[in-house]
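Everything below belongs to protein28.json, which stores JSON, C-alpha atoms.
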```json
[["chain", "number", "residue", "atom", "x", "y", "z"],
["A", 77, "MET", "CA", -12.92, -20.57, -5.91],
["A", 78, "LYS", "CA", -9.91, -22.85, -5.49],
["A", 79, "GLN", "CA", -7.70, -19.75, -5.13],
["A", 80, "ASN", "CA", -9.84, -18.50, -2.21],
["A", 81, "ASN", "CA", -9.36, -21.85, -0.47],
["A", 82, "LYS", "CA", -5.60, -21.27, -0.55],
["A", 83, "ILE", "CA", -5.86, -18.20, 1.68],
["A", 84, "ILE", "CA", -8.15, -20.12, 4.07],
["A", 85, "ASP", "CA", -5.63, -23.00, 4.08],
["A", 86, "PHE", "CA", -2.84, -20.48, 4.74],
["A", 87, "PHE", "CA", -4.58, -19.15, 7.85],
["A", 88, "GLY", "CA", -5.23, -22.69, 9.03],
["A", 89, "ASN", "CA", -1.53, -23.51, 8.65],
["A", 90, "VAL", "CA", -0.21, -20.22, 10.06],
["A", 91, "ILE", "CA", -2.14, -20.82, 13.29],
["A", 92, "LYS", "CA", -0.08, -23.99, 13.79],
["A", 93, "ASP", "CA", 3.25, -22.23, 13.10],
["A", 94, "TYR", "CA", 4.25, -20.14, 16.11],
["A", 95, "GLN", "CA", 7.15, -18.53, 14.24],
["A", 96, "MET", "CA", 4.81, -16.62, 11.93],
["A", 97, "SER", "CA", 4.28, -13.02, 13.02],
["A", 98, "PRO", "CA", 1.82, -10.35, 11.86],
["A", 99, "ALA", "CA", 4.49, -9.17, 9.39],
["A", 100, "HIS", "CA", 4.55, -12.64, 7.79],
["A", 101, "ILE", "CA", 0.76, -12.66, 7.54],
["A", 102, "SER", "CA", 0.65, -9.16, 6.07],
["A", 103, "LEU", "CA", 3.31, -10.06, 3.51],
["A", 104, "TYR", "CA", 1.52, -13.28, 2.52],
["A", 105, "VAL", "CA", -1.82, -11.49, 2.12],
["A", 106, "SER", "CA", -0.07, -8.86, -0.04],
["A", 107, "LEU", "CA", 1.50, -11.59, -2.17],
["A", 108, "PHE", "CA", -1.90, -13.23, -2.48],
["A", 109, "GLN", "CA", -3.34, -9.90, -3.62],
["A", 110, "MET", "CA", -0.53, -9.57, -6.20],
["A", 111, "TRP", "CA", -1.30, -13.11, -7.37],
["A", 112, "SER", "CA", -4.96, -12.20, -7.91],
["A", 113, "ILE", "CA", -3.95, -9.02, -9.77],
["A", 114, "ASN", "CA", -1.82, -11.25, -12.02],
["A", 115, "GLU", "CA", -4.94, -13.38, -12.66],
["A", 116, "TYR", "CA", -3.59, -16.30, -10.61],
["A", 117, "GLN", "CA", -0.62, -16.95, -12.91],
["A", 118, "THR", "CA", 1.93, -19.30, -11.41],
["A", 119, "PRO", "CA", 4.64, -18.18, -10.94],
["A", 120, "PHE", "CA", 4.18, -14.41, -10.99],
["A", 121, "HIS", "CA", 6.67, -11.56, -10.65],
["A", 122, "ILE", "CA", 6.67, -8.94, -7.93],
["A", 123, "CYS", "CA", 8.27, -5.58, -7.24],
["A", 124, "ARG", "CA", 9.69, -5.43, -3.71],
["A", 125, "LYS", "CA", 8.87, -1.74, -3.29],
["A", 126, "TYR", "CA", 5.20, -2.28, -4.18],
["A", 127, "VAL", "CA", 4.83, -5.38, -2.00],
["A", 128, "MET", "CA", 6.43, -3.57, 0.95],
["A", 129, "GLN", "CA", 3.94, -0.70, 0.54],
["A", 130, "LEU", "CA", 1.01, -3.09, 0.21],
["A", 131, "SER", "CA", 2.04, -5.10, 3.28],
["A", 132, "LYS", "CA", 2.93, -1.99, 5.31],
["A", 133, "ILE", "CA", 6.47, -3.28, 5.96],
["A", 134, "LYS", "CA", 8.94, -0.40, 6.25],
["A", 135, "SER", "CA", 12.23, -2.23, 6.86],
["A", 136, "PHE", "CA", 14.17, -4.00, 4.11],
["A", 137, "ALA", "CA", 15.51, -6.41, 6.72],
["A", 138, "THR", "CA", 12.01, -7.33, 7.91],
["A", 139, "TYR", "CA", 10.81, -7.80, 4.33],
["A", 140, "HIS", "CA", 13.74, -10.06, 3.40],
["A", 141, "LYS", "CA", 13.48, -12.00, 6.68],
["A", 142, "CYS", "CA", 9.74, -12.57, 6.26],
["A", 143, "ILE", "CA", 9.83, -13.55, 2.60],
["A", 144, "LYS", "CA", 12.73, -15.94, 3.25],
["A", 145, "GLU", "CA", 10.91, -17.50, 6.23],
["A", 146, "LEU", "CA", 7.66, -17.84, 4.25],
["A", 147, "HIS", "CA", 9.70, -19.68, 1.62],
["A", 148, "GLU", "CA", 11.45, -21.89, 4.20],
["A", 149, "ALA", "CA", 8.11, -22.68, 5.88],
["A", 150, "ARG", "CA", 6.78, -23.77, 2.44],
["A", 151, "PHE", "CA", 4.02, -21.16, 2.27],
["A", 152, "ILE", "CA", 5.50, -19.78, -0.98],
["A", 153, "ILE", "CA", 8.22, -20.60, -3.47],
["A", 154, "TYR", "CA", 10.45, -17.53, -3.71],
["A", 155, "SER", "CA", 13.01, -17.10, -6.47],
["A", 156, "PRO", "CA", 14.82, -13.79, -6.00],
["A", 157, "SER", "CA", 15.86, -11.79, -9.02],
["A", 158, "PHE", "CA", 18.61, -9.26, -8.79],
["A", 159, "ASN", "CA", 17.30, -7.54, -11.91],
["A", 160, "PRO", "CA", 14.86, -4.76, -10.91],
["A", 161, "HIS", "CA", 13.25, -4.81, -14.36],
["A", 162, "ILE", "CA", 12.18, -8.46, -14.04],
["A", 163, "GLY", "CA", 11.30, -8.70, -10.34],
["A", 164, "SER", "CA", 11.41, -11.72, -8.09],
["A", 165, "SER", "CA", 9.30, -14.77, -8.87],
["A", 166, "ILE", "CA", 6.68, -16.03, -6.41],
["A", 167, "GLU", "CA", 4.56, -19.16, -6.44],
["A", 168, "ILE", "CA", 1.75, -19.64, -3.92],
["A", 169, "ILE", "CA", 1.85, -23.17, -2.46],
["A", 170, "ASP", "CA", -1.20, -25.37, -2.85],
["A", 171, "PHE", "CA", -1.52, -26.74, 0.71],
["A", 172, "GLU", "CA", -3.87, -29.52, -0.29],
["A", 173, "SER", "CA", -1.42, -31.11, -2.72],
["A", 174, "GLU", "CA", 1.51, -30.29, -0.39],
["A", 175, "ASN", "CA", -0.22, -32.12, 2.50],
["A", 176, "ARG", "CA", -0.90, -35.14, 0.26],
["A", 177, "ARG", "CA", 2.79, -35.17, -0.74],
["A", 178, "LYS", "CA", 3.88, -34.98, 2.93],
["A", 179, "ASN", "CA", 1.47, -37.76, 3.91],
["A", 180, "LYS", "CA", 2.86, -40.02, 1.17],
["A", 181, "ILE", "CA", 6.40, -39.37, 2.37],
["A", 182, "LEU", "CA", 5.47, -39.87, 6.04],
["A", 183, "SER", "CA", 3.52, -43.06, 5.41],
["A", 184, "GLY", "CA", 6.66, -44.64, 3.95],
["A", 185, "GLN", "CA", 8.85, -43.65, 6.91],
["A", 186, "SER", "CA", 9.00, -44.64, 10.53],
["A", 187, "THR", "CA", 8.45, -41.72, 12.84],
["A", 188, "VAL", "CA", 11.36, -40.59, 14.97],
["A", 189, "SER", "CA", 10.67, -37.93, 17.55],
["A", 190, "HIS", "CA", 13.75, -35.78, 17.71],
["A", 191, "LYS", "CA", 14.02, -32.07, 17.13],
["A", 192, "GLU", "CA", 16.11, -31.28, 14.10],
["A", 193, "VAL", "CA", 17.58, -27.80, 13.85],
["A", 194, "CYS", "CA", 17.75, -26.51, 10.32],
["A", 195, "PHE", "CA", 20.35, -23.76, 9.88],
["A", 196, "SER", "CA", 20.47, -21.82, 6.67],
["A", 197, "VAL", "CA", 23.57, -19.78, 5.84],
["A", 198, "PRO", "CA", 22.64, -16.11, 5.58],
["A", 199, "MET", "CA", 23.24, -14.07, 2.48],
["A", 200, "LEU", "CA", 25.83, -11.31, 2.85],
["A", 201, "TYR", "CA", 23.17, -8.62, 2.34],
["A", 202, "GLU", "CA", 21.19, -10.04, 5.30],
["A", 203, "VAL", "CA", 24.22, -9.72, 7.55],
["A", 204, "GLU", "CA", 24.88, -6.20, 6.24],
["A", 205, "LEU", "CA", 21.28, -5.19, 6.97],
["A", 206, "TYR", "CA", 21.43, -6.74, 10.44],
["A", 207, "PHE", "CA", 24.62, -4.81, 11.28],
["A", 208, "GLU", "CA", 23.31, -1.60, 9.69],
["A", 209, "GLU", "CA", 20.17, -1.78, 11.87],
["A", 210, "ARG", "CA", 22.50, -1.80, 14.85],
["A", 211, "ASP", "CA", 24.45, 1.24, 13.60],
["A", 212, "LEU", "CA", 27.59, -0.67, 12.69],
["A", 213, "LEU", "CA", 29.67, -0.31, 9.56],
["A", 214, "PHE", "CA", 29.47, -2.68, 6.60],
["A", 215, "GLU", "CA", 33.14, -3.45, 7.30],
["A", 216, "LYS", "CA", 32.19, -5.15, 10.59],
["A", 217, "ALA", "CA", 29.45, -7.15, 8.83],
["A", 218, "HIS", "CA", 31.98, -8.30, 6.21],
["A", 219, "GLN", "CA", 34.47, -9.29, 8.94],
["A", 220, "PHE", "CA", 31.79, -11.30, 10.74],
["A", 221, "TYR", "CA", 30.60, -12.96, 7.53],
["A", 222, "SER", "CA", 34.14, -13.78, 6.36],
["A", 223, "LEU", "CA", 35.12, -15.28, 9.71],
["A", 224, "TYR", "CA", 32.15, -17.63, 9.95],
["A", 225, "GLU", "CA", 32.24, -18.43, 6.23],
["A", 226, "SER", "CA", 35.86, -19.55, 6.68],
["A", 227, "LYS", "CA", 34.78, -21.70, 9.66],
["A", 228, "ASN", "CA", 31.97, -23.24, 7.58],
["A", 229, "TRP", "CA", 29.47, -21.61, 9.97],
["A", 230, "LYS", "CA", 30.67, -23.66, 12.94],
["A", 231, "LEU", "CA", 31.12, -22.32, 16.45],
["A", 232, "VAL", "CA", 34.35, -22.23, 18.44],
["A", 233, "ASN", "CA", 33.61, -25.66, 19.92],
["A", 234, "GLY", "CA", 33.20, -27.11, 16.40],
["A", 235, "ARG", "CA", 29.44, -27.53, 16.66],
["A", 236, "PRO", "CA", 27.29, -26.35, 13.76],
["A", 237, "MET", "CA", 25.71, -22.94, 14.20],
["A", 238, "LYS", "CA", 21.99, -22.89, 15.01],
["A", 239, "CYS", "CA", 21.34, -19.15, 14.67],
["A", 240, "TRP", "CA", 23.68, -16.71, 12.95],
["A", 241, "LYS", "CA", 21.89, -13.73, 14.54],
["A", 242, "SER", "CA", 22.82, -14.99, 17.99],
["A", 243, "ALA", "CA", 26.47, -15.22, 16.93],
["A", 244, "ALA", "CA", 26.17, -11.72, 15.42],
["A", 245, "ARG", "CA", 24.77, -10.34, 18.70],
["A", 246, "ASN", "CA", 27.74, -11.80, 20.58],
["A", 247, "TRP", "CA", 30.11, -10.37, 17.96],
["A", 248, "ILE", "CA", 28.49, -6.92, 18.22],
["A", 249, "SER", "CA", 28.58, -7.06, 22.01],
["A", 250, "LYS", "CA", 32.32, -7.78, 21.95],
["A", 251, "ILE", "CA", 32.90, -4.90, 19.51],
["A", 252, "LYS", "CA", 30.97, -2.48, 21.73],
["A", 253, "ASN", "CA", 32.84, -3.67, 24.85],
["A", 254, "GLN", "CA", 36.18, -3.18, 23.07],
["A", 255, "ASN", "CA", 35.13, 0.35, 22.03],
["A", 256, "GLN", "CA", 34.11, 1.22, 25.59],
["A", 257, "ASN", "CA", 37.39, -0.12, 27.03],
["A", 258, "SER", "CA", 39.52, 1.86, 24.55]]
```
Take the structure in the file and give it back as structure tokens.
Amino acid sequence: MKQNNKIIDFFGNVIKDYQMSPAHISLYVSLFQMWSINEYQTPFHICRKYVMQLSKIKSFATYHKCIKELHEARFIIYSPSFNPHIGSSIEIIDFESENRRKNKILSGQSTVSHKEVCFSVPMLYEVELYFEERDLLFEKAHQFYSLYESKNWKLVNGRPMKCWKSAARNWISKIKNQNQNS
């Protein structure tokens, strides 16, 4: 019964997190189903194709975005495998023990109310998928990635980047304007 409490805890936590979309929920429920099929082994291995079918996610980009964000939001622990015969490793987070751990950490700290932006450098394949969805060549994605990688993902003004997709949209807009002007 403890496993069933995890899905209830997930829904309780996802309500509080406004960044979670129906695709995230569908993916998590599919992962939970895979976990039960694997007799609640921790961690367990998944096949992306099967999980995408189960969660009704059609886009590779959406799948990778959602699984990465579920990992970053600490709903799962995701360890990607680039070997299709092994599959990626997933661990479902126990919210009860996670909340106790957070409370211990918070009780030892003074609370400071400032919003901290956490930027994570995208993987090259994420940038390629993002550009491909916008009908641009991989070459443009590689140029974008190389430029910002060389700048250590900082903007022109030297500030750290908050959202690489926003920078990519600006980059794509400039490319399209240049193509229209030529």
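The point (30.5, -18.8, 4.7) has these residues within 12 Å of it when all atoms listed in the file are used: A:Ser196, A:Val197, A:Pro198, A:Met199, A:Leu200, A:Val203, A:His218, A:Gln219, A:Phe220, A:Tyr221, A:Ser222, A:Leu223, A:Tyr224, A:Glu225, A:Ser226, A:Lys227, A:Asn228, A:Trp229, A:Lys230, A:Met237, A:Trp240.
Restricting the calculation to all atoms listed in the file, the smallest distance between A:Lys134 and any of A:Leu103, A:Ile166, A:Met110, A:Ala149 is found for A:Leu103.
The two atoms in question, atom CA of A:Asp170 and atom CA of A:Phe151, are spaced 8.4 Å apart.
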From the set A:Phe195, A:Tyr139, A:Tyr116, A:Phe207, which residue has the shortest atom-to-atom contact distance to A:Ile169, counting all atoms listed in the file?
A:Tyr116
Residues near A:Phe87, cut-off 12 Å, all atoms listed in the file, skip fewer than 2 positions along chain, as number ranges by chain
A: 80-85, 89-93, 96-98, 100-102, 104-105, 151, 171
Please provide as a PyMOL selection string all residues within 10 Å of A:Tyr201, with the sequence filter that same-chain residues fewer than 4 positions apart are discarded (counting only C-alpha atoms).
chain A and resi 137+140+205-207+214+217-218
